[in-house]
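Undergrad: So that you have it, the file is work_4.txt, and it contains compact mmCIF, C-alpha atoms:
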```txt
# COMPACT_ATOMS: atom_id res chain seq x y z
CA MET A 63 149.04 94.21 -26.60
CA ALA A 64 151.23 94.12 -23.53
CA VAL A 65 148.56 92.98 -21.10
CA PRO A 66 147.20 89.99 -23.04
CA ASN A 67 150.77 88.81 -23.64
CA LYS A 68 151.39 88.94 -19.92
CA ILE A 69 148.25 86.93 -19.21
CA LEU A 70 149.24 84.41 -21.87
CA GLY A 71 152.65 84.10 -20.25
CA ILE A 72 151.14 83.40 -16.85
CA TYR A 73 148.78 80.94 -18.42
CA ASN A 74 151.63 79.05 -20.07
CA LEU A 75 153.53 79.05 -16.80
CA PHE A 76 150.59 77.45 -15.04
CA LYS A 77 150.23 74.97 -17.85
CA GLN A 78 153.84 73.88 -17.45
CA PHE A 79 153.54 73.36 -13.71
CA SER A 80 150.34 71.40 -13.79
CA SER A 81 150.11 69.23 -16.82
CA ARG A 82 147.72 66.94 -14.94
CA ASP A 83 145.29 69.72 -14.31
CA SER A 84 145.57 71.16 -17.77
CA LEU A 85 141.83 70.96 -18.18
CA LYS A 86 141.33 72.93 -15.02
CA TRP A 87 143.63 75.71 -16.16
CA ALA A 88 142.08 75.79 -19.58
CA THR A 89 139.37 77.90 -18.03
CA LEU A 90 142.00 80.55 -17.34
CA ARG A 91 142.42 81.22 -21.03
CA PRO A 92 142.39 84.99 -21.46
CA VAL A 93 139.05 85.95 -22.88
CA LEU A 94 137.69 89.38 -23.48
CA ILE A 95 135.03 89.70 -20.80
CA SER A 96 132.16 91.87 -21.82
CA ASN A 97 130.95 94.35 -19.23
CA ARG A 98 127.35 93.75 -20.20
CA ALA A 99 126.33 90.61 -18.39
CA ILE A 100 123.30 88.81 -19.69
CA SER A 101 120.29 90.11 -17.82
CA THR A 102 117.49 87.72 -17.06
CA SER A 103 115.42 90.12 -14.98
CA ASN A 104 112.17 91.53 -16.20
CA PRO A 105 112.20 94.77 -18.10
CA GLN A 106 111.20 97.68 -15.88
CA ARG A 107 107.45 97.80 -15.79
CA GLY A 108 107.00 100.13 -12.82
CA LEU A 109 103.82 99.51 -10.90
CA MET A 110 102.74 96.73 -13.25
CA GLU A 111 105.41 94.60 -11.52
CA PHE A 112 102.87 94.25 -8.71
CA PHE A 113 100.74 92.16 -11.07
CA ASP A 114 101.27 88.75 -12.59
CA ASP A 115 102.06 88.17 -16.24
CA LYS A 116 99.07 89.05 -18.37
CA THR A 117 98.83 85.51 -19.75
CA ASN A 118 98.15 84.25 -16.20
CA TRP A 119 95.19 86.52 -15.58
CA GLY A 120 92.07 84.50 -14.95
CA ALA A 121 93.93 81.17 -15.21
CA ASN A 122 92.74 78.26 -13.10
CA GLU A 123 96.18 76.88 -12.45
CA ILE A 124 99.63 78.41 -12.80
CA LYS A 125 102.46 75.94 -12.99
CA CYS A 126 105.70 76.79 -11.25
CA GLY A 127 108.83 75.05 -10.03
CA ARG A 128 109.92 74.25 -6.51
CA SER A 129 111.50 76.57 -3.99
CA TRP A 130 115.24 77.20 -3.73
CA ARG A 131 117.08 74.73 -1.55
CA LYS A 132 119.82 75.58 0.89
CA GLU A 133 122.38 73.41 -0.93
CA GLU A 134 121.75 75.28 -4.15
CA LEU A 135 121.90 78.67 -2.50
CA ARG A 136 125.22 77.80 -0.82
CA LEU A 137 126.79 77.60 -4.27
CA LYS A 138 125.77 81.15 -5.16
CA SER A 139 127.83 84.27 -4.64
CA ASN A 140 126.79 86.99 -2.24
CA SER A 141 125.76 89.34 -5.02
CA ASP A 142 123.69 86.60 -6.67
CA LEU A 143 121.91 85.94 -3.38
CA HIS A 144 121.30 89.65 -3.00
CA LYS A 145 119.74 89.83 -6.44
CA LEU A 146 117.68 86.72 -5.83
CA TRP A 147 116.33 88.20 -2.60
CA PHE A 148 114.87 91.15 -4.47
CA ILE A 149 113.39 88.88 -7.12
CA LEU A 150 111.72 86.85 -4.38
CA LEU A 151 110.58 90.00 -2.62
CA LYS A 152 108.94 91.30 -5.78
CA GLU A 153 107.39 87.91 -6.43
CA ARG A 154 105.92 87.86 -2.94
CA ASN A 155 104.49 91.36 -3.34
CA MET A 156 103.00 90.32 -6.67
CA LEU A 157 101.42 87.19 -5.18
CA LEU A 158 100.03 89.14 -2.21
CA THR A 159 98.51 91.69 -4.58
CA MET A 160 96.94 89.00 -6.75
CA GLU A 161 95.64 87.12 -3.72
CA GLU A 162 94.09 90.27 -2.30
CA GLU A 163 92.39 91.07 -5.61
CA ALA A 164 91.11 87.49 -5.96
CA ASN A 165 89.64 87.63 -2.46
CA GLU A 166 88.12 91.00 -3.23
CA ARG A 167 86.42 89.67 -6.37
CA VAL A 168 85.41 86.39 -4.66
CA GLN A 169 87.44 84.37 -7.13
CA VAL A 170 89.81 81.46 -6.64
CA PHE A 171 93.44 82.53 -6.27
CA PRO A 172 95.26 80.14 -8.65
CA SER A 173 98.06 77.98 -7.20
CA PRO A 174 98.32 79.49 -3.71
CA GLU A 175 101.27 77.18 -2.98
CA ARG A 176 103.42 79.72 -4.80
CA LEU A 177 103.30 81.93 -1.70
CA ASP A 178 104.63 79.10 0.46
CA LYS A 179 107.36 78.33 -2.05
CA VAL A 180 108.52 81.94 -2.08
CA ALA A 181 108.41 82.09 1.72
CA GLU A 182 110.47 78.91 1.97
CA SER A 183 113.01 80.20 -0.55
CA MET A 184 113.36 83.45 1.38
CA GLU A 185 113.80 81.57 4.61
CA ASN A 186 116.49 79.36 3.09
CA LEU A 187 118.26 82.32 1.52
CA GLU A 188 118.32 84.18 4.80
CA GLU A 189 119.67 81.13 6.57
CA VAL A 190 122.50 80.80 4.04
CA VAL A 191 123.41 84.48 4.37
CA ARG A 192 123.35 84.04 8.15
CA GLU A 193 125.71 81.08 7.89
CA ARG A 194 128.20 83.12 5.90
CA ASN A 195 127.90 86.02 8.29
CA ARG A 196 128.50 83.76 11.23
CA ALA A 197 131.53 82.16 9.60
CA TYR A 198 133.01 85.56 8.75
CA HIS A 199 132.46 86.93 12.24
CA GLU A 200 133.84 83.84 13.91
CA LEU A 201 136.94 84.03 11.76
CA GLU A 202 137.48 87.75 12.31
CA THR A 203 136.28 88.34 15.86
CA GLY A 204 135.79 84.91 17.45
CA GLU A 205 132.10 85.67 18.04
CA THR A 206 129.06 84.71 16.02
CA GLY A 207 127.98 88.27 15.30
CA GLU A 208 124.39 87.31 15.97
CA ARG A 209 122.23 89.33 18.29
CA PRO A 210 123.37 88.37 21.80
CA GLY A 211 120.85 86.97 24.24
CA LYS A 212 120.62 85.02 27.46
CA LEU A 213 118.17 83.09 29.59
CA ALA A 214 116.54 85.42 32.09
CA THR A 215 113.81 85.08 34.71
CA ASN A 216 111.00 87.55 34.49
CA ILE A 217 109.19 89.18 37.38
CA PHE A 218 106.78 86.24 37.64
CA GLY A 219 109.65 83.78 38.02
CA LEU A 220 109.29 82.32 34.53
CA ASN A 221 112.29 81.78 32.29
CA TYR A 222 112.52 83.38 28.88
CA PHE A 223 115.13 84.27 26.30
CA TYR A 224 116.14 87.89 26.75
CA LYS A 225 117.45 89.44 23.55
CA MET A 226 120.07 92.03 24.37
CA SER A 227 120.37 95.31 22.55
CA GLU A 228 122.60 98.36 22.52
CA HIS A 229 121.70 101.42 24.54
CA VAL A 230 122.94 105.00 24.48
CA ILE A 231 123.08 105.32 28.25
CA PRO A 232 123.96 102.77 30.95
CA LYS A 233 121.31 100.70 32.69
CA TYR A 234 121.27 102.54 35.99
CA MET A 235 120.49 105.80 34.18
CA ASN A 236 117.96 104.27 31.82
CA LYS A 237 114.60 104.72 33.53
CA THR A 238 112.47 103.44 30.65
CA TRP A 239 114.55 100.28 30.28
CA ARG A 240 114.36 99.57 34.01
CA LYS A 241 110.61 100.06 33.92
CA LYS A 242 110.14 97.79 30.93
CA TYR A 243 112.52 94.98 31.87
CA GLN A 244 111.97 93.87 35.43
CA PHE A 245 113.70 90.65 36.36
CA PHE A 246 112.99 88.22 39.13
CA LYS A 247 113.59 89.30 42.72
CA HIS A 248 112.67 87.26 45.74
CA ASP A 249 109.01 87.78 46.52
CA PRO A 250 106.79 85.56 48.71
CA ASP A 251 103.78 86.05 46.44
CA VAL A 252 105.74 84.96 43.39
CA GLU A 253 107.08 81.96 45.34
CA ALA A 254 103.52 80.97 46.24
CA PHE A 255 102.50 81.36 42.62
CA LEU A 256 105.39 79.21 41.45
CA VAL A 257 104.49 76.48 43.96
CA LYS A 258 100.95 76.42 42.57
CA LEU A 259 102.19 76.52 38.99
CA ARG A 260 104.51 73.58 39.57
CA GLU A 261 101.68 71.69 41.27
CA ARG A 262 99.49 72.29 38.24
CA LEU A 263 102.22 71.11 35.85
CA TYR A 264 102.89 68.02 37.98
CA LEU A 265 99.19 67.14 38.11
CA ASN A 266 98.88 67.57 34.34
CA LYS A 267 101.82 65.24 33.86
CA ARG A 268 100.46 62.64 36.29
CA ARG A 269 96.97 62.76 34.75
CA LYS A 270 98.43 62.30 31.30
CA HIS A 271 100.32 59.26 32.56
CA THR A 272 97.17 57.75 34.09
CA ARG A 273 95.18 58.50 30.94
CA ASP A 274 97.78 56.82 28.75
CA PHE A 275 97.96 53.84 31.09
CA ASN A 276 94.18 53.30 30.96
CA HIS A 277 94.16 53.86 27.23
CA VAL A 278 96.81 51.18 26.74
CA ILE A 279 94.73 48.75 28.81
CA GLY A 280 91.74 49.53 26.61
CA LEU A 281 93.81 48.95 23.50
CA LEU A 282 95.10 45.63 24.84
CA ASN A 283 91.54 44.52 25.61
CA ARG A 284 90.24 45.46 22.19
CA PHE A 285 93.22 44.29 20.14
CA PRO A 286 94.92 41.41 22.01
CA ASN A 287 97.15 40.54 19.02
CA MET A 288 98.47 44.04 18.36
CA ASP A 289 102.09 44.93 17.67
CA MET A 290 103.65 45.36 21.12
CA GLU A 291 106.75 47.11 19.74
CA ALA A 292 104.62 49.80 18.12
CA LEU A 293 102.64 50.21 21.34
CA LYS A 294 105.84 50.61 23.36
CA GLN A 295 107.10 53.15 20.87
CA GLN A 296 103.92 55.20 21.00
CA TYR A 297 103.53 55.08 24.78
CA PRO A 298 107.08 54.84 26.14
CA ASP A 299 106.05 55.96 29.64
CA VAL A 300 103.56 53.12 30.12
CA ASP A 301 104.73 49.92 31.75
CA ILE A 302 102.89 47.34 29.64
CA GLU A 303 103.63 44.42 32.01
CA ARG A 304 102.06 46.43 34.81
CA ALA A 305 99.11 47.28 32.60
CA LYS A 306 98.55 43.54 32.01
CA ARG A 307 98.56 42.92 35.77
CA SER A 308 95.81 45.50 36.23
CA ARG A 309 92.34 44.31 37.18
CA LYS A 310 90.96 46.26 34.23
CA TYR A 311 92.86 44.04 31.84
CA GLY A 312 90.98 41.02 30.44
CA GLY A 313 87.33 40.43 29.60
CA HIS A 314 84.35 40.22 31.92
CA PHE A 315 84.19 36.46 31.91
CA GLU A 316 85.35 33.72 34.19
CA PRO A 317 88.75 32.38 33.13
CA LYS A 318 88.86 28.69 32.26
CA MET B 215 113.79 99.57 6.13
CA SER B 216 113.17 96.18 7.55
CA THR B 217 112.17 94.52 10.78
CA ARG B 218 115.63 93.20 11.51
CA TRP B 219 117.79 94.17 14.43
CA TYR B 220 120.36 96.85 13.65
CA PRO B 221 123.22 98.23 15.71
CA ILE B 222 122.40 101.52 17.37
CA TYR B 223 123.10 104.63 15.33
CA GLN B 224 125.13 107.36 16.93
CA ARG B 225 126.55 110.49 15.44
CA GLY B 226 129.70 109.75 13.51
CA SER B 227 128.98 106.04 13.03
CA PRO B 228 128.74 104.77 9.47
CA GLN B 229 125.36 105.03 7.80
CA LEU B 230 123.14 102.03 8.37
CA ARG B 231 122.80 99.94 5.26
CA ILE B 232 119.79 97.77 4.54
CA PHE B 233 120.52 94.31 3.23
CA LEU B 234 117.70 91.92 2.45
CA PRO B 235 114.73 94.09 3.48
CA ASN B 236 111.76 91.97 4.48
CA PHE B 237 108.93 94.47 4.17
CA TRP B 238 105.99 93.71 1.91
CA MET B 239 103.64 95.98 0.00
CA LYS B 240 100.58 95.02 -1.93
CA LEU B 241 98.74 97.14 -4.43
CA ILE B 242 95.06 97.47 -3.65
CA LYS B 243 92.11 98.38 -5.76
CA PRO B 244 90.65 101.72 -4.63
CA THR B 245 87.11 101.46 -3.29
CA VAL B 246 86.18 105.03 -4.29
CA ASP B 247 86.84 107.18 -7.33
CA GLN B 248 90.16 108.93 -6.96
CA PRO B 249 92.64 110.90 -9.08
CA SER B 250 94.38 108.81 -11.71
CA ASN B 251 97.82 109.42 -10.22
CA LEU B 252 96.91 108.09 -6.77
CA VAL B 253 97.80 104.49 -5.92
CA ASN B 254 96.65 102.56 -2.85
CA PHE B 255 98.83 100.09 -1.02
CA ALA B 256 98.59 97.87 2.02
CA CYS B 257 101.97 97.33 3.62
CA SER B 258 103.93 96.02 6.59
CA MET B 259 102.90 97.65 9.83
CA GLU B 260 106.46 98.73 10.65
CA MET B 261 106.90 100.73 7.44
CA THR B 262 107.08 104.50 7.66
CA ARG B 263 106.34 106.77 4.72
CA PHE B 264 110.09 107.29 4.22
CA ASP B 265 110.50 103.54 4.03
CA MET B 266 107.75 103.35 1.42
CA LYS B 267 109.34 106.09 -0.65
CA ASN B 268 112.71 104.35 -0.61
CA TYR B 269 111.10 100.97 -1.25
CA LEU B 270 109.23 102.14 -4.33
CA GLU B 271 112.12 104.21 -5.67
CA LYS B 272 114.89 101.67 -5.17
CA ILE B 273 113.09 98.40 -5.88
CA TYR B 274 110.33 99.34 -8.31
CA ASN B 275 111.81 102.46 -9.88
CA VAL B 276 108.63 104.39 -9.18
CA LYS B 277 109.05 107.95 -7.93
CA PRO B 278 106.27 109.00 -5.57
CA ILE B 279 105.93 112.69 -4.79
CA HIS B 280 103.73 112.35 -1.76
CA ILE B 281 102.68 109.55 0.58
CA ARG B 282 100.03 109.43 3.27
CA THR B 283 99.45 106.48 5.58
CA ARG B 284 96.76 105.35 7.93
CA ILE B 285 96.22 102.33 10.12
CA ALA B 286 92.84 100.67 9.83
CA SER B 287 91.74 98.86 12.96
CA GLY B 288 90.84 95.22 12.40
CA LYS B 289 87.19 94.34 12.97
CA CYS B 290 86.09 92.48 16.07
CA ARG B 291 83.89 89.52 15.39
CA ARG B 292 82.57 86.49 17.18
CA ASP B 293 84.27 83.22 16.38
CA PRO B 294 81.69 81.18 14.46
CA GLY B 295 82.43 77.90 16.26
CA LYS B 296 83.55 78.84 19.72
CA GLY B 297 81.71 82.11 20.25
CA TYR B 298 84.54 84.12 21.75
CA ILE B 299 85.50 87.48 20.32
CA VAL B 300 88.32 87.63 17.77
CA LYS B 301 89.99 90.76 16.45
CA ASN B 302 91.25 90.80 12.88
CA ASP B 303 94.73 92.17 12.29
CA ASP B 304 95.20 95.88 11.85
CA ILE B 305 96.23 96.95 8.35
CA LYS B 306 98.44 99.84 7.34
CA TYR B 307 97.27 101.55 4.17
CA ALA B 308 99.35 103.93 2.09
CA TYR B 309 98.13 106.44 -0.45
CA VAL B 310 100.93 107.14 -2.87
CA THR B 311 100.75 110.13 -5.21
CA LEU B 312 102.63 109.83 -8.50
CA PRO B 313 103.94 112.91 -10.32
CA ARG B 314 101.43 115.04 -12.21
CA GLY B 315 100.47 113.52 -15.53
CA GLU B 316 101.30 109.92 -14.63
CA VAL B 317 98.33 107.62 -14.84
CA PHE B 318 97.81 104.32 -13.11
CA GLU B 319 94.68 102.31 -13.70
CA PHE B 320 94.07 99.13 -11.73
CA PRO B 321 93.89 96.35 -14.33
CA ASP B 322 91.09 93.81 -14.62
CA ILE B 323 92.72 90.62 -13.35
CA PHE B 324 89.73 88.37 -14.10
CA PRO B 325 88.79 89.31 -17.67
CA ASN B 326 86.70 86.24 -18.46
CA ILE B 327 84.45 86.23 -15.42
CA LYS B 328 81.35 86.94 -17.53
CA GLU B 329 82.10 84.12 -19.98
CA GLN B 330 82.49 81.71 -17.07
CA GLU B 331 79.19 82.85 -15.61
CA LYS B 332 77.52 82.41 -18.98
CA GLU B 333 78.91 78.91 -19.30
CA TYR B 334 77.69 78.06 -15.83
CA GLU B 335 74.22 79.34 -16.66
CA LYS B 336 74.25 77.30 -19.85
CA THR B 337 75.04 74.06 -18.01
CA LEU B 338 72.41 74.89 -15.41
CA LYS B 339 69.85 75.42 -18.15
CA GLN B 340 70.83 72.14 -19.82
CA SER B 341 70.49 70.13 -16.62
CA LYS B 342 67.11 71.77 -16.00
CA GLN B 343 66.01 70.75 -19.47
CA VAL B 344 67.11 67.17 -18.91
CA PHE B 345 65.19 67.04 -15.65
CA ASP B 346 62.09 68.44 -17.33
CA GLN B 347 62.34 65.77 -20.02
CA PHE B 348 62.61 63.12 -17.32
CA LEU B 349 59.49 64.46 -15.61
CA GLU B 350 57.64 64.60 -18.94
CA LYS B 351 58.48 60.98 -19.68
CA ASN B 352 57.33 59.74 -16.31
CA LYS B 353 54.18 61.81 -16.17
CA GLU B 354 51.99 58.70 -16.12
CA ARG B 355 54.11 56.93 -13.52
CA ARG B 356 53.71 59.21 -10.58
CA GLU B 357 54.80 58.14 -7.13
CA MET B 358 56.40 55.01 -8.55
CA PRO B 359 59.68 53.76 -7.11
CA GLY B 360 62.87 55.03 -8.80
CA TRP B 361 63.67 51.72 -10.53
CA PHE B 362 60.28 51.85 -12.27
CA THR B 363 60.94 55.11 -14.09
CA PHE B 364 62.59 55.63 -17.47
```
Would you put the structure from the file into C-alpha cells?
TA:
Amino acid sequence: MAVPNKILGIYNLFKQFSSRDSLKWATLRPVLISNRAISTSNPQRGLMEFFDDKTNWGANEIKCGRSWRKEELRLKSNSDLHKLWFILLKERNMLLTMEEEANERVQVFPSPERLDKVAESMENLEEVVRERNRAYHELETGETGERPGKLATNIFGLNYFYKMSEHVIPKYMNKTWRKKYQFFKHDPDVEAFLVKLRERLYLNKRRKHTRDFNHVIGLLNRFPNMDMEALKQQYPDVDIERAKRSRKYGGHFEPK
Amino acid sequence: MSTRWYPIYQRGSPQLRIFLPNFWMKLIKPTVDQPSNLVNFACSMEMTRFDMKNYLEKIYNVKPIHIRTRIASGKCRRDPGKGYIVKNDDIKYAYVTLPRGEVFEFPDIFPNIKEQEKEYEKTLKQSKQVFDQFLEKNKERREMPGWFTF
C-alpha cells in the first residue's frame, strides 16, 4: 500500500500547485496499468501472411484508406513507428505476392493504388525517423549524423555527389578504392571534351530560345487576343515586344 | 539486412542492428511439382540466404531449415515501338525448405474464375441470339439502309 499512497501524495501536491491545470493533472491519477497492451496486429498466420484476407480473393475492388501523412507520423513514438514499419513491410510483401499471382493468372490485380499508398507511407515514415535522428545527432554531436558526402569532379570533368564511406585502411594504401574512384586531373583530352560539351549545351540552350521565340510569334499570329500575362509566364525568356517587331509577326496582307 | 548504409564493422565494435529493413520478398507459385515443404520466393537482389532466414524467422515467425537461391537473368527483347533491345530486370529466387512434416500449399487466389467465364459465355450467347433474331426479322429486307430495318 505504500507505493500508491506515495503516488497519491505526489498527485495531491501537483493538484495544489496548479489548480488552473487541474484537468491536465487529472490524467496523472494513479491507475493500475496492465502489462498486456491491446494488440491490434493480426494473429500469427505464418506464410499465409503473404496473402490477402480470404474475403478479398477474387474481388474486383478492395477499398482502403489513404497513406500515412508526415504530420500524423510525427505524433507517434519511436516504438510505434517501428511497429508500423513492419506492418507496412508485410503489407507490401502481401501486395507484391498478390500482384505477381494476378499477373501469372492473367487477371486484374484489384486496387493497385494500394502499393503506391504503402510506398508513400514508408517513405514518410522513413523521413520522420530521419528527422528525429538528425535532431538527436545535432543536439549530441553538432553534426547531422547522415552519410557524409561532397561535390566531386570525376575523371571526365563532370561534377557529381560523392558519398563518403568508412574504410579499414587509409586511401594511399587502398588500391581498389584508388582504382574505382578516380577524380579529375588536368588532361588536355578531357579539356577538349569539356569545350565540346559546353558548346553542345550552349547550342541546345540557344536553339531552345530561338524555337520558343518563333513559337511565340506563331501563337501571337494565331491568337491575337490571347492573355499576354499567361504567355509571359509560360515563356519568360522570350521578349514579346521584340517578337512583335519581327517580320514574321502579322498576316500576309498589306496593312491599311 | 537492408540496403541502407551502415558504419563499418570492426572487431570489438558493437553488433550492427537493423532498424527499418527495406527488403521485400514475394511468395511465388511453383511452376513444377515439388515437395510440400518447399516454398518459392522472389526477393530483393541484395538479400543473402542468411538475410532470408532472419527475415522469415523474425518477421513472419517461419523457421526455414534450408535455403537455396539463384539469380534468373532477365530476358532481352525488342522494344515494340522503338525497336531497340531492352533487358528485363534480373530476379533473385529463393527456395525455402520448411521442417519435415510442415505443409504449404499455394492457395487459389481467384476461386470464381470459372463462374466469371461462364457468365461471360452466357452474355455472349445472348447477344448472338439477339443478333440472329434481328437477321431473321430483316430477312426480306436485304441490303436495305440501316434506318429501314426493324
Undergrad: Identify every residue of chain B that has at least one atom within 7 Å of any atom of chain A, counting all atoms listed in the file, and report the result as a list of chain:residue names.
TA: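 Here they are: B:Pro221, B:Ile222, B:Leu234, B:Trp238, B:Met239, B:Lys240, B:Leu241, B:Ile242, B:Tyr274, B:Asn275, B:Val276, B:Ile323, B:Phe324, B:Pro325, B:Asn326.
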Undergrad: What is the distance between CA of Pro359 (chain B) and CA of Lys339 (chain B), in Å to one decimal?
TA: 26.4 Å
Undergrad: Take CA of Asn195 (chain A) and CA of Gly207 (chain A) and report the distance between them in Å, one decimal.
TA: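 If I compute the distance from CA of Asn195 (chain A) to CA of Gly207 (chain A), I get 7.4 Å.
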Undergrad: Measure the distance from CA of Gly288 (chain B) to CA of Thr262 (chain B) in Å and round it to one decimal.
TA: 19.3 Å
Undergrad: Neighbourhood query: residues within 10 Å of (114.3, 97.6, 9.0), file coordinates, counting only C-alpha atoms; return as a compact mmCIF listing (two decimals) with C-alpha atoms, in the coordinates of the input.
TA:
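Result saved to result07.txt:
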```
# COMPACT_ATOMS: atom_id res chain seq x y z
CA MET B 215 113.79 99.57 6.13
CA SER B 216 113.17 96.18 7.55
CA THR B 217 112.17 94.52 10.78
CA ARG B 218 115.63 93.20 11.51
CA TRP B 219 117.79 94.17 14.43
CA TYR B 220 120.36 96.85 13.65
CA LEU B 230 123.14 102.03 8.37
CA ARG B 231 122.80 99.94 5.26
CA ILE B 232 119.79 97.77 4.54
CA PHE B 233 120.52 94.31 3.23
CA LEU B 234 117.70 91.92 2.45
CA PRO B 235 114.73 94.09 3.48
CA ASN B 236 111.76 91.97 4.48
CA PHE B 237 108.93 94.47 4.17
CA GLU B 260 106.46 98.73 10.65
CA MET B 261 106.90 100.73 7.44
CA ASP B 265 110.50 103.54 4.03
```
Undergrad: I need every residue sitting at most 12 Å from the point (118.8, 77.5, 6.9) (coordinates as in the file, all atoms listed in the file considered), written as an NGL selection string.
TA: :A and (130-136 or 182-194)
Undergrad: Any chance you could export the current selection's C-alpha atoms as a PDB file, in the coordinates of the input?
TA:
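Result file out.pdb:
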```pdb
ATOM      1  CA  TRP A 130     115.240  77.200  -3.730  1.00  0.00           C
ATOM      2  CA  ARG A 131     117.080  74.730  -1.550  1.00  0.00           C
ATOM      3  CA  LYS A 132     119.820  75.580   0.890  1.00  0.00           C
ATOM      4  CA  GLU A 133     122.380  73.410  -0.930  1.00  0.00           C
ATOM      5  CA  GLU A 134     121.750  75.280  -4.150  1.00  0.00           C
ATOM      6  CA  LEU A 135     121.900  78.670  -2.500  1.00  0.00           C
ATOM      7  CA  ARG A 136     125.220  77.800  -0.820  1.00  0.00           C
ATOM      8  CA  GLU A 182     110.470  78.910   1.970  1.00  0.00           C
ATOM      9  CA  SER A 183     113.010  80.200  -0.550  1.00  0.00           C
ATOM     10  CA  MET A 184     113.360  83.450   1.380  1.00  0.00           C
ATOM     11  CA  GLU A 185     113.800  81.570   4.610  1.00  0.00           C
ATOM     12  CA  ASN A 186     116.490  79.360   3.090  1.00  0.00           C
ATOM     13  CA  LEU A 187     118.260  82.320   1.520  1.00  0.00           C
ATOM     14  CA  GLU A 188     118.320  84.180   4.800  1.00  0.00           C
ATOM     15  CA  GLU A 189     119.670  81.130   6.570  1.00  0.00           C
ATOM     16  CA  VAL A 190     122.500  80.800   4.040  1.00  0.00           C
ATOM     17  CA  VAL A 191     123.410  84.480   4.370  1.00  0.00           C
ATOM     18  CA  ARG A 192     123.350  84.040   8.150  1.00  0.00           C
ATOM     19  CA  GLU A 193     125.710  81.080   7.890  1.00  0.00           C
ATOM     20  CA  ARG A 194     128.200  83.120   5.900  1.00  0.00           C
TER      21      ARG A 194
END
```
Undergrad: Contacts of Tyr309 (chain B) at 12 Å or less, counting all atoms listed in the file, minus same-chain residues fewer than 2 places along, as an NGL selection string?
TA: :B and (239-244 or 248-249 or 251-257 or 263 or 266-267 or 278-285 or 306-307 or 311-312)
Undergrad: Considering only C-alpha atoms, state which residue in the set B:Met259, B:Ile273, B:Val246, B:Leu349 is at the smallest distance from Leu150 (chain A).
TA: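 Checking each of B:Met259, B:Ile273, B:Val246, B:Leu349 against Leu150 (chain A), counting only C-alpha atoms, the winner is B:Ile273.
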Undergrad: Return the single residue from A:Phe285, A:Ala292, A:Val278, A:Ile231 that is closest to Ser308 (chain A), with distances computed using all atoms listed in the file.
TA: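 Closest to Ser308 (chain A) of all the choices is A:Val278.
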Undergrad: Kindly indicate which residue among A:Arg307, A:Leu259, A:Asn287, A:Ile124 lies nearest to Phe275 (chain A), using all atoms listed in the file for the distances.
TA: A:Arg307
Undergrad: Report as AutoDock Vina command-line options the centre and the edge lengths, in Å to one decimal, of the axis-aligned box holding every listed atom of region 345-360 of chain B, padded by 6 Å on each side.
TA:
```
--center_x 58.6 --center_y 61.1 --center_z -13.6 --size_x 25.2 --size_y 26.7 --size_z 24.9
```
